[in-house]
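Student: After the structure tokens below, expect a handful of questions from me.
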Amino acid sequence: MTGLRLLTGHHDPWATTGDVFYLLAMICQILQFCYVGNEVSHSVDKINEMAMMCNYPKFNKPTAGAFLILLTRAMQKTEIKVGVVFKFTLSLSTFLWILKTSYSYFAVLNSAQS
């Protein structure tokens with residue numbers, strides 16, 4: 001809606017500048033959450049790889065049990081999800097999906113207005 005207002009609005013330069021900053025701030029906020037979710041998922045995926053590089057055959061019995069639990073849990077895919085009705089995984093692909101969908105809505109609204 002902000003992009004549509006920027007294209008079709010006939011307002012002063014201060015309002016246009018405010019709209020541009022608002023649009024960039026919203027994009028940056030969405031990118032922050034999606035980037036952090038992507039990094040957390042990527043880091044958790046590396047746990048199995050890092051665990052196999054440790055000297056696990058020499059662990060004592062309690063440590064070996066905890067290590068086995070760690071490996072079992074690390075085998076499960078970890079994703080950060082948001083939303084109540086619609087669940088979204090926070091990742092960079094979700095960020096790109098949001099941008100593409102927003103542009104599609106913008107294009108439809110812009111063509112309907114013209």
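Lettering and numbering for the structure tokens are positional, with chains as A, B, ... in the shown order, residues counted from 1 in each chain, and ligands counted from 1 in the shown order.
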Can you pull out the residues contacting region 42-52 of chain A? Cut-off 10 Å, using only C-alpha atoms, and skip same-chain residues under 2 positions away; I want them as number ranges by chain.
Tutor: A: 36-40, 54-56, 67, 70-79, 91
Student: Give me the residues near Asn110 (chain A) as a PyMOL selection string, where near means some atom within 9 Å (using only C-alpha atoms) and where sequence neighbours in that chain fewer than 3 positions away do not count.
Tutor: chain A and resi 4+7-8+105-107+113-114
Student: Could the residues in this selection be saved with all heavy atoms as a tab-separated table (two decimals), in the first residue's frame?
Tutor:
```tsv
chain	number	residue	atom	x	y	z
A	4	LEU	N	2.09	1.84	-3.52
A	4	LEU	CA	1.01	2.39	-4.35
A	4	LEU	C	0.81	3.87	-4.03
A	4	LEU	O	0.61	4.68	-4.92
A	4	LEU	CB	-0.27	1.59	-4.11
A	4	LEU	CG	-1.42	1.88	-5.04
A	4	LEU	CD1	-1.05	1.49	-6.46
A	4	LEU	CD2	-2.65	1.12	-4.59
A	7	LEU	N	3.50	5.93	-5.74
A	7	LEU	CA	3.34	6.11	-7.18
A	7	LEU	C	2.17	7.01	-7.55
A	7	LEU	O	2.26	7.79	-8.50
A	7	LEU	CB	3.14	4.76	-7.87
A	7	LEU	CG	4.41	3.97	-8.15
A	7	LEU	CD1	4.07	2.70	-8.91
A	7	LEU	CD2	5.42	4.78	-8.93
A	8	THR	N	1.09	6.88	-6.81
A	8	THR	CA	-0.13	7.59	-7.22
A	8	THR	C	-0.41	8.84	-6.41
A	8	THR	O	-1.24	9.63	-6.81
A	8	THR	CB	-1.34	6.66	-7.12
A	8	THR	OG1	-1.47	6.23	-5.77
A	8	THR	CG2	-1.18	5.47	-8.04
A	105	TYR	N	0.82	-8.13	-5.25
A	105	TYR	CA	-0.33	-7.35	-4.78
A	105	TYR	C	-0.24	-5.91	-5.28
A	105	TYR	O	-1.24	-5.33	-5.71
A	105	TYR	CB	-0.41	-7.35	-3.25
A	105	TYR	CG	-0.77	-8.67	-2.64
A	105	TYR	CD1	-0.35	-9.01	-1.36
A	105	TYR	CD2	-1.55	-9.60	-3.32
A	105	TYR	CE1	-0.68	-10.22	-0.79
A	105	TYR	CE2	-1.88	-10.82	-2.76
A	105	TYR	CZ	-1.45	-11.11	-1.50
A	105	TYR	OH	-1.76	-12.31	-0.93
A	106	PHE	N	0.96	-5.34	-5.22
A	106	PHE	CA	1.16	-3.98	-5.69
A	106	PHE	C	0.82	-3.87	-7.19
A	106	PHE	O	0.15	-2.94	-7.62
A	106	PHE	CB	2.61	-3.55	-5.45
A	106	PHE	CG	3.02	-2.34	-6.19
A	106	PHE	CD1	2.58	-1.09	-5.80
A	106	PHE	CD2	3.82	-2.42	-7.31
A	106	PHE	CE1	2.94	0.06	-6.49
A	106	PHE	CE2	4.21	-1.30	-8.00
A	106	PHE	CZ	3.76	-0.06	-7.60
A	107	ALA	N	1.29	-4.84	-7.99
A	107	ALA	CA	1.03	-4.80	-9.43
A	107	ALA	C	-0.46	-4.90	-9.74
A	107	ALA	O	-0.98	-4.20	-10.61
A	107	ALA	CB	1.81	-5.91	-10.13
A	113	GLN	N	-6.08	0.34	-10.52
A	113	GLN	CA	-6.28	1.77	-10.34
A	113	GLN	C	-6.11	2.52	-11.68
A	113	GLN	O	-6.73	3.53	-11.90
A	113	GLN	CB	-5.31	2.30	-9.31
A	113	GLN	CG	-5.61	3.74	-8.94
A	113	GLN	CD	-4.71	4.22	-7.83
A	113	GLN	OE1	-3.64	3.69	-7.65
A	113	GLN	NE2	-5.17	5.21	-7.10
A	114	SER	N	-5.27	1.99	-12.56
A	114	SER	CA	-5.02	2.66	-13.84
A	114	SER	C	-6.16	2.53	-14.81
A	114	SER	O	-7.01	1.75	-14.77
A	114	SER	CB	-3.77	2.06	-14.50
A	114	SER	OG	-2.65	2.28	-13.66
```
Student: For Ile80 (chain A), list every protein, DNA or RNA residue within 8 Å, evaluated using only C-alpha atoms, and leave out those in the same chain fewer than 5 positions away; present the list as a list in words.
Tutor: Gly37, Ser41, Thr89 and Leu90 of chain A
Student: Print the selection's residues with C-alpha atoms to a file, as an mmCIF file, in the first residue's frame.
Tutor:
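Generated output (out-v9.cif):
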```cif
data_model
loop_
_atom_site.group_PDB
_atom_site.id
_atom_site.type_symbol
_atom_site.label_atom_id
_atom_site.label_comp_id
_atom_site.auth_asym_id
_atom_site.auth_seq_id
_atom_site.Cartn_x
_atom_site.Cartn_y
_atom_site.Cartn_z
ATOM 1 C CA GLY A 37 15.789 -17.397 11.783
ATOM 2 C CA SER A 41 18.427 -23.013 11.509
ATOM 3 C CA THR A 89 9.231 -20.473 8.762
ATOM 4 C CA LEU A 90 11.702 -17.657 9.312
#
```
Student: Just how far from CA of Gln32 (chain A) is CA of Val108 (chain A), in Å to one decimal?
Tutor: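 Atom-to-atom, CA of Val108 (chain A) to CA of Gln32 (chain A), that is 27.3 Å.
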Student: Looking only at the backbone, which of the residues in chain A does DSSP tag as strand (DSSP E or B), as a list in words?
Tutor: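 Reading the DSSP output for chain A, strand (DSSP E or B) covers Lys81, Val82, Phe88 and Thr89 of chain A.
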Student: Would you kindly return, as a list in words, each protein, DNA or RNA residue with an atom no farther than 6 Å from any atom of Leu92 (chain A), considering only C-alpha atoms and excluding same-chain residues fewer than 2 positions away?
Tutor: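 Contacts, with the query itself left out: Cys34, Tyr35, Thr94 and Phe95 of chain A.
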Student: Between CA of Ser111 (chain A) and CA of Leu96 (chain A), what is the spacing in Å?
Tutor: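 Computing it gives 22.4 Å between the two atoms.
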Student: Would you give me, as number ranges by chain, the residues in chain A that DSSP reads as alpha helix (DSSP H)?
Tutor: A: 2-8, 13-45, 47-52, 61-74, 92-113
Student: What separation in Å, quoted to one decimal, exists between CA of Leu6 (chain A) and CA of Asp19 (chain A)?
Tutor: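 One can read the CA of Leu6 (chain A) to CA of Asp19 (chain A) distance as 7.0 Å.
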Student: Which is closest to Phe33 (chain A) among A:Met53, A:Val82, A:Tyr103, A:His11, if we use only C-alpha atoms?
Tutor: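 Nearest candidate to Phe33 (chain A) out of A:Met53, A:Val82, A:Tyr103, A:His11: A:Val82.
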Student: Check the smallest atom-to-atom distance from each of A:Gly83, A:Gly3, A:His10, A:Ala66 to Ser102 (chain A) using only C-alpha atoms, then report the winner.
Tutor: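 Distance minimum relative to Ser102 (chain A) lands on A:Gly3.
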Student: Applying 12 Å and only C-alpha atoms, which residues near Ala15 (chain A) remain after dropping the ones on its own chain fewer than 5 positions away? List them as a list in words.
Tutor: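 Here the answer would be Thr2, Arg5, Leu6, Gly9, His10, Val20, Phe21 and Tyr22 of chain A.
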Student: Keeping all heavy atoms, export the residues of the selection given above as a PDB file, in the first residue's frame.
Tutor:
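Dumped to result04.pdb:
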```pdb
ATOM      1  N   THR A   2       1.996   1.183   0.685  1.00  0.00           N
ATOM      2  CA  THR A   2       2.882   2.342   0.707  1.00  0.00           C
ATOM      3  C   THR A   2       3.479   2.594  -0.678  1.00  0.00           C
ATOM      4  O   THR A   2       3.601   3.742  -1.107  1.00  0.00           O
ATOM      5  CB  THR A   2       4.008   2.134   1.735  1.00  0.00           C
ATOM      6  OG1 THR A   2       3.409   1.850   3.003  1.00  0.00           O
ATOM      7  CG2 THR A   2       4.874   3.358   1.882  1.00  0.00           C
ATOM      8  N   ARG A   5       0.879   4.207  -2.762  1.00  0.00           N
ATOM      9  CA  ARG A   5       0.738   5.606  -2.365  1.00  0.00           C
ATOM     10  C   ARG A   5       1.881   6.455  -2.921  1.00  0.00           C
ATOM     11  O   ARG A   5       1.683   7.602  -3.316  1.00  0.00           O
ATOM     12  CB  ARG A   5       0.702   5.691  -0.843  1.00  0.00           C
ATOM     13  CG  ARG A   5       0.525   7.084  -0.331  1.00  0.00           C
ATOM     14  CD  ARG A   5       0.430   7.103   1.167  1.00  0.00           C
ATOM     15  NE  ARG A   5       0.665   8.472   1.607  1.00  0.00           N
ATOM     16  CZ  ARG A   5       0.668   8.842   2.851  1.00  0.00           C
ATOM     17  NH1 ARG A   5       0.459   7.970   3.791  1.00  0.00           N
ATOM     18  NH2 ARG A   5       0.888  10.087   3.173  1.00  0.00           N
ATOM     19  N   LEU A   6       3.088   5.876  -2.964  1.00  0.00           N
ATOM     20  CA  LEU A   6       4.232   6.602  -3.519  1.00  0.00           C
ATOM     21  C   LEU A   6       4.044   6.896  -5.005  1.00  0.00           C
ATOM     22  O   LEU A   6       4.405   7.966  -5.481  1.00  0.00           O
ATOM     23  CB  LEU A   6       5.516   5.799  -3.318  1.00  0.00           C
ATOM     24  CG  LEU A   6       6.162   5.882  -1.947  1.00  0.00           C
ATOM     25  CD1 LEU A   6       7.284   4.874  -1.829  1.00  0.00           C
ATOM     26  CD2 LEU A   6       6.679   7.271  -1.687  1.00  0.00           C
ATOM     27  N   GLY A   9       0.247   8.990  -5.285  1.00  0.00           N
ATOM     28  CA  GLY A   9      -0.047  10.132  -4.425  1.00  0.00           C
ATOM     29  C   GLY A   9       0.501  11.427  -4.987  1.00  0.00           C
ATOM     30  O   GLY A   9       1.531  11.471  -5.648  1.00  0.00           O
ATOM     31  N   HIS A  10      -0.208  12.489  -4.744  1.00  0.00           N
ATOM     32  CA  HIS A  10       0.223  13.826  -5.147  1.00  0.00           C
ATOM     33  C   HIS A  10       0.417  14.636  -3.873  1.00  0.00           C
ATOM     34  O   HIS A  10      -0.399  15.464  -3.517  1.00  0.00           O
ATOM     35  CB  HIS A  10      -0.825  14.498  -6.039  1.00  0.00           C
ATOM     36  CG  HIS A  10      -1.143  13.697  -7.256  1.00  0.00           C
ATOM     37  ND1 HIS A  10      -0.248  13.504  -8.275  1.00  0.00           N
ATOM     38  CD2 HIS A  10      -2.259  13.034  -7.618  1.00  0.00           C
ATOM     39  CE1 HIS A  10      -0.799  12.767  -9.222  1.00  0.00           C
ATOM     40  NE2 HIS A  10      -2.014  12.459  -8.841  1.00  0.00           N
ATOM     41  N   VAL A  20       9.024   6.681   1.867  1.00  0.00           N
ATOM     42  CA  VAL A  20      10.175   5.880   1.438  1.00  0.00           C
ATOM     43  C   VAL A  20      10.891   5.292   2.645  1.00  0.00           C
ATOM     44  O   VAL A  20      11.227   4.099   2.678  1.00  0.00           O
ATOM     45  CB  VAL A  20      11.142   6.732   0.574  1.00  0.00           C
ATOM     46  CG1 VAL A  20      12.464   6.019   0.376  1.00  0.00           C
ATOM     47  CG2 VAL A  20      10.517   7.061  -0.758  1.00  0.00           C
ATOM     48  N   PHE A  21      11.113   6.119   3.678  1.00  0.00           N
ATOM     49  CA  PHE A  21      11.769   5.622   4.885  1.00  0.00           C
ATOM     50  C   PHE A  21      10.916   4.569   5.595  1.00  0.00           C
ATOM     51  O   PHE A  21      11.442   3.592   6.132  1.00  0.00           O
ATOM     52  CB  PHE A  21      12.121   6.757   5.838  1.00  0.00           C
ATOM     53  CG  PHE A  21      13.363   7.498   5.444  1.00  0.00           C
ATOM     54  CD1 PHE A  21      13.326   8.856   5.238  1.00  0.00           C
ATOM     55  CD2 PHE A  21      14.564   6.835   5.267  1.00  0.00           C
ATOM     56  CE1 PHE A  21      14.457   9.554   4.862  1.00  0.00           C
ATOM     57  CE2 PHE A  21      15.707   7.509   4.895  1.00  0.00           C
ATOM     58  CZ  PHE A  21      15.651   8.879   4.695  1.00  0.00           C
ATOM     59  N   TYR A  22       9.600   4.762   5.605  1.00  0.00           N
ATOM     60  CA  TYR A  22       8.705   3.774   6.215  1.00  0.00           C
ATOM     61  C   TYR A  22       8.795   2.447   5.469  1.00  0.00           C
ATOM     62  O   TYR A  22       8.901   1.382   6.094  1.00  0.00           O
ATOM     63  CB  TYR A  22       7.265   4.295   6.205  1.00  0.00           C
ATOM     64  CG  TYR A  22       6.267   3.286   6.685  1.00  0.00           C
ATOM     65  CD1 TYR A  22       6.143   3.002   8.040  1.00  0.00           C
ATOM     66  CD2 TYR A  22       5.464   2.593   5.787  1.00  0.00           C
ATOM     67  CE1 TYR A  22       5.236   2.064   8.486  1.00  0.00           C
ATOM     68  CE2 TYR A  22       4.556   1.656   6.226  1.00  0.00           C
ATOM     69  CZ  TYR A  22       4.447   1.393   7.571  1.00  0.00           C
ATOM     70  OH  TYR A  22       3.555   0.449   8.011  1.00  0.00           O
TER      71      TYR A  22
END
```
